[in-house]
Every structure is written in C-alpha cells, then in structure tokens.
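Below is one structure, written out as structure tokens, with a few remarks after it.
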Amino acid sequence: MSLVLDYAVWFASLCFVVAMLCALVRLFVGPHAQDRVLALDTFYINGMLSLLMLGFRAGSAFYFEMALLIALFGFASTIALAKFLLRGEVIEP
Amino acid sequence: MTLTGLPLWATVPATLLLIAGGLLTLTGSIGLVRFKDFFARMHPPTMGTTLGTACVLVASMLVSSALVHRPAVHEVLILLFLFITAPVTAMLLMRAAFYRSGARRHVND
C-alpha cells in the first residue's frame, strides 16, 4: 500500500514542477509588472509545495522549517513589491 | 525509503489528498497562464494557494503522525500563516493593479 503513496508523492511532485513552469512562463511573458508579481507569488507557493514533497520522500523534519521560511519570506517580498507598485516606495517616511 | 510500513488509515487519505492537491495546484497555475486579463488571472492561483496547500499539508500531517506514533500537527503553522496572508497579498496586488490601470480616475470622475 505504501507503494501507492510513493507514486502519489511522485505524481504530486510532477504536478508542482509543471505548475512552477507555468508560473515561470507568466513571469517572463507577463505584460505588466503586476502580472509578474502574481507569477512570483504562485512560483514560491509551488516551490514550497515541491519542497514539502522532498520532505515526504526523505522523512525529515528540516524540510518543514525550510517551507515555513519560504512562506514567510515570500509573503514579505510579495507585500513589498505590491506596495512598491502601489505607492512607488516601500517604506514611507 | 521511509514510507514503508505505514498503517492503512494514514496511507489511503494521504494518497487521495496528495493527488487532489497536485491537480488543484496544477489547474490554478495553468489558469494563470491561459486567462486573458490580470483581474481574471488573480483568481486561479488562489485555488492552489489555499485548497491545494491545505490538501498537501493535511496529508503531510497524517504521514508524520503515523511515522512518529503520536499526533504531529506542526504543519498547521504553515496552513494558518498562508490562510492569513493570502487575502492580504491578493488585496494589495489588486489595489496596485487597479491604481496602475487608471481605473481609479474613471471612478472618481
């Protein structure tokens, strides 16, 4: 039965990698800056999920902490970029 | 391979949740490429961000609980953080796009 779970982990990893490629296409093609920021947001979420899949296969707890850090820094970077697009400045005096 | 010898109550839901999460995230990212407008493109990735991530993290919780033989719920941290931050990100990006597209002037006039 664990073989089925192994195949499911592979399938999910493949899905996340294809999703990362889709986000990368939008990151390069995107006509406006906000499209690129949205693509970066999707990209880091998919990267975090594929890192969790690596943690599944390794059975280690360190991947969880890496995923948490990616979620934190990705949120901060997306907020900073959106604020820059909105106001032209990230931290206003 | 550490996934051998897991009990059945963890394996079957984890498999189903992983397949569902992968398909949801892939659908969201394909929608990000294929939709025409930025305001339409805001919608599909949130499906992967919330529901897909929730499926994967619940599967991870089940498998790690079965591995250590006690309830392991530390994945709830990522889930809670993403559920709090996804609307904030979406709202700020939407406001930035709305401001940059010049629609604000038409509304104010």
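Every chain in the structure tokens takes a letter, A first, then B, and so on in the order presented; its residues are numbered from 1, and the ligands are numbered from 1 following the presented order.
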**Message:** Report as number ranges by chain all protein, DNA and RNA residues lying within 8 Å of range 63-79 of chain B, evaluated on only C-alpha atoms, omitting residues in the same chain fewer than 5 positions from it.
**Reply:** A: 64, 67-68, 71; B: 6-7, 10-11, 14, 53-54, 57-58
Which residues of chain B come within 7 Å of chain A, and what is each one's closest atom pair and distance in Å (one decimal), counting only C-alpha atoms, sorted by chain and residue number, as a tab-separated table?
residue	atom	partner	partner_atom	distance
B:Met1	CA	A:Arg57	CA	6.9
B:Thr2	CA	A:Gly59	CA	6.0
B:Leu3	CA	A:Ser2	CA	6.1
B:Thr4	CA	A:Ser2	CA	5.4
B:Gly5	CA	A:Ser2	CA	6.9
B:Leu6	CA	A:Ser2	CA	6.7
B:Thr11	CA	A:Leu5	CA	6.3
B:Thr15	CA	A:Leu5	CA	5.2
B:Leu18	CA	A:Ala12	CA	6.1
B:Ile19	CA	A:Ala8	CA	6.0
B:Gly22	CA	A:Ala12	CA	4.6
B:Leu23	CA	A:Cys15	CA	6.6
B:Thr25	CA	A:Ala19	CA	6.8
B:Leu26	CA	A:Ala19	CA	4.9
B:Ser29	CA	A:Ala19	CA	5.2
B:Ile30	CA	A:Cys22	CA	6.1
B:Val33	CA	A:Arg26	CA	5.8
B:Phe38	CA	A:Asp35	CA	6.5
B:Pro45	CA	A:Thr42	CA	6.3
B:Thr49	CA	A:Ile45	CA	6.6
B:Ile78	CA	A:Leu68	CA	5.8
B:Thr85	CA	A:Phe75	CA	7.0
B:Thr89	CA	A:Ile79	CA	6.1
B:Leu92	CA	A:Ala82	CA	6.0
B:Leu93	CA	A:Ala82	CA	5.3
B:Ala96	CA	A:Leu86	CA	4.4
B:Ala97	CA	A:Gln34	CA	6.2
B:Tyr99	CA	A:Leu86	CA	6.7
Using N, CA and C atoms, can you write the selected residues to a file as a PDB file, in the first residue's frame?
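Result went into out32.pdb, see below:
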ATOM      1  N   MET B   1      13.929   4.379   1.715  1.00  0.00           N
ATOM      2  CA  MET B   1      12.533   4.835   1.676  1.00  0.00           C
ATOM      3  C   MET B   1      11.917   4.692   3.049  1.00  0.00           C
ATOM      4  N   THR B   2      11.363   5.771   3.554  1.00  0.00           N
ATOM      5  CA  THR B   2      10.810   5.724   4.900  1.00  0.00           C
ATOM      6  C   THR B   2       9.305   5.542   4.897  1.00  0.00           C
ATOM      7  N   LEU B   3       8.703   5.480   3.717  1.00  0.00           N
ATOM      8  CA  LEU B   3       7.247   5.402   3.671  1.00  0.00           C
ATOM      9  C   LEU B   3       6.732   3.978   3.745  1.00  0.00           C
ATOM     10  N   THR B   4       7.591   2.989   3.950  1.00  0.00           N
ATOM     11  CA  THR B   4       7.118   1.609   4.025  1.00  0.00           C
ATOM     12  C   THR B   4       6.605   1.318   5.427  1.00  0.00           C
ATOM     13  N   GLY B   5       5.584   0.446   5.500  1.00  0.00           N
ATOM     14  CA  GLY B   5       5.063   0.033   6.782  1.00  0.00           C
ATOM     15  C   GLY B   5       4.168   1.039   7.454  1.00  0.00           C
ATOM     16  N   LEU B   6       3.591   1.960   6.694  1.00  0.00           N
ATOM     17  CA  LEU B   6       2.652   2.897   7.295  1.00  0.00           C
ATOM     18  C   LEU B   6       1.291   2.224   7.450  1.00  0.00           C
ATOM     19  N   THR B  11      -2.357   5.960   4.995  1.00  0.00           N
ATOM     20  CA  THR B  11      -1.910   5.860   3.608  1.00  0.00           C
ATOM     21  C   THR B  11      -3.001   6.261   2.627  1.00  0.00           C
ATOM     22  N   THR B  15      -2.819   9.511   0.203  1.00  0.00           N
ATOM     23  CA  THR B  15      -2.715   9.362  -1.251  1.00  0.00           C
ATOM     24  C   THR B  15      -3.752  10.203  -1.968  1.00  0.00           C
ATOM     25  N   LEU B  18      -2.980  13.915  -1.625  1.00  0.00           N
ATOM     26  CA  LEU B  18      -1.842  14.366  -2.443  1.00  0.00           C
ATOM     27  C   LEU B  18      -2.230  14.501  -3.893  1.00  0.00           C
ATOM     28  N   ILE B  19      -3.007  13.525  -4.412  1.00  0.00           N
ATOM     29  CA  ILE B  19      -3.430  13.617  -5.818  1.00  0.00           C
ATOM     30  C   ILE B  19      -4.327  14.843  -6.008  1.00  0.00           C
ATOM     31  N   GLY B  22      -2.169  18.096  -5.841  1.00  0.00           N
ATOM     32  CA  GLY B  22      -1.373  18.291  -7.047  1.00  0.00           C
ATOM     33  C   GLY B  22      -2.219  18.752  -8.206  1.00  0.00           C
ATOM     34  N   LEU B  23      -3.387  18.131  -8.395  1.00  0.00           N
ATOM     35  CA  LEU B  23      -4.247  18.517  -9.513  1.00  0.00           C
ATOM     36  C   LEU B  23      -4.779  19.934  -9.333  1.00  0.00           C
ATOM     37  N   THR B  25      -3.386  22.467  -7.655  1.00  0.00           N
ATOM     38  CA  THR B  25      -2.329  23.454  -7.861  1.00  0.00           C
ATOM     39  C   THR B  25      -1.976  23.582  -9.334  1.00  0.00           C
ATOM     40  N   LEU B  26      -1.947  22.433 -10.032  1.00  0.00           N
ATOM     41  CA  LEU B  26      -1.636  22.468 -11.463  1.00  0.00           C
ATOM     42  C   LEU B  26      -2.721  23.214 -12.231  1.00  0.00           C
ATOM     43  N   SER B  29      -2.272  26.972 -11.742  1.00  0.00           N
ATOM     44  CA  SER B  29      -1.164  27.582 -12.470  1.00  0.00           C
ATOM     45  C   SER B  29      -1.409  27.593 -13.967  1.00  0.00           C
ATOM     46  N   ILE B  30      -2.124  26.576 -14.501  1.00  0.00           N
ATOM     47  CA  ILE B  30      -2.480  26.621 -15.925  1.00  0.00           C
ATOM     48  C   ILE B  30      -3.441  27.780 -16.184  1.00  0.00           C
ATOM     49  N   VAL B  33      -1.669  30.992 -16.658  1.00  0.00           N
ATOM     50  CA  VAL B  33      -1.100  31.219 -17.985  1.00  0.00           C
ATOM     51  C   VAL B  33      -2.185  31.540 -19.000  1.00  0.00           C
ATOM     52  N   PHE B  38      -5.597  40.638 -16.298  1.00  0.00           N
ATOM     53  CA  PHE B  38      -4.942  40.480 -14.990  1.00  0.00           C
ATOM     54  C   PHE B  38      -5.961  40.215 -13.893  1.00  0.00           C
ATOM     55  N   PRO B  45      -4.745  31.145  -9.201  1.00  0.00           N
ATOM     56  CA  PRO B  45      -3.693  30.661  -8.310  1.00  0.00           C
ATOM     57  C   PRO B  45      -4.116  30.568  -6.849  1.00  0.00           C
ATOM     58  N   THR B  49      -3.201  28.027  -3.808  1.00  0.00           N
ATOM     59  CA  THR B  49      -2.598  28.552  -2.578  1.00  0.00           C
ATOM     60  C   THR B  49      -3.356  28.085  -1.348  1.00  0.00           C
ATOM     61  N   ILE B  78       2.137  26.431   8.893  1.00  0.00           N
ATOM     62  CA  ILE B  78       2.191  26.913   7.505  1.00  0.00           C
ATOM     63  C   ILE B  78       0.786  27.202   7.006  1.00  0.00           C
ATOM     64  N   THR B  85      -2.252  35.195   5.193  1.00  0.00           N
ATOM     65  CA  THR B  85      -1.550  36.119   4.313  1.00  0.00           C
ATOM     66  C   THR B  85      -2.076  36.136   2.884  1.00  0.00           C
ATOM     67  N   THR B  89      -2.196  39.562   0.508  1.00  0.00           N
ATOM     68  CA  THR B  89      -1.442  39.672  -0.736  1.00  0.00           C
ATOM     69  C   THR B  89      -2.351  39.971  -1.912  1.00  0.00           C
ATOM     70  N   LEU B  92      -3.710  43.629  -1.766  1.00  0.00           N
ATOM     71  CA  LEU B  92      -2.718  44.654  -2.105  1.00  0.00           C
ATOM     72  C   LEU B  92      -2.377  44.633  -3.587  1.00  0.00           C
ATOM     73  N   LEU B  93      -2.244  43.408  -4.167  1.00  0.00           N
ATOM     74  CA  LEU B  93      -1.942  43.320  -5.594  1.00  0.00           C
ATOM     75  C   LEU B  93      -3.088  43.874  -6.428  1.00  0.00           C
ATOM     76  N   ALA B  96      -2.976  47.585  -6.299  1.00  0.00           N
ATOM     77  CA  ALA B  96      -1.888  48.104  -7.130  1.00  0.00           C
ATOM     78  C   ALA B  96      -2.262  48.052  -8.607  1.00  0.00           C
ATOM     79  N   ALA B  97      -2.870  46.947  -9.033  1.00  0.00           N
ATOM     80  CA  ALA B  97      -3.245  46.829 -10.445  1.00  0.00           C
ATOM     81  C   ALA B  97      -4.349  47.815 -10.795  1.00  0.00           C
ATOM     82  N   TYR B  99      -4.883  50.682  -9.370  1.00  0.00           N
ATOM     83  CA  TYR B  99      -4.289  52.013  -9.394  1.00  0.00           C
ATOM     84  C   TYR B  99      -3.505  52.227 -10.674  1.00  0.00           C
TER      85      TYR B  99
END
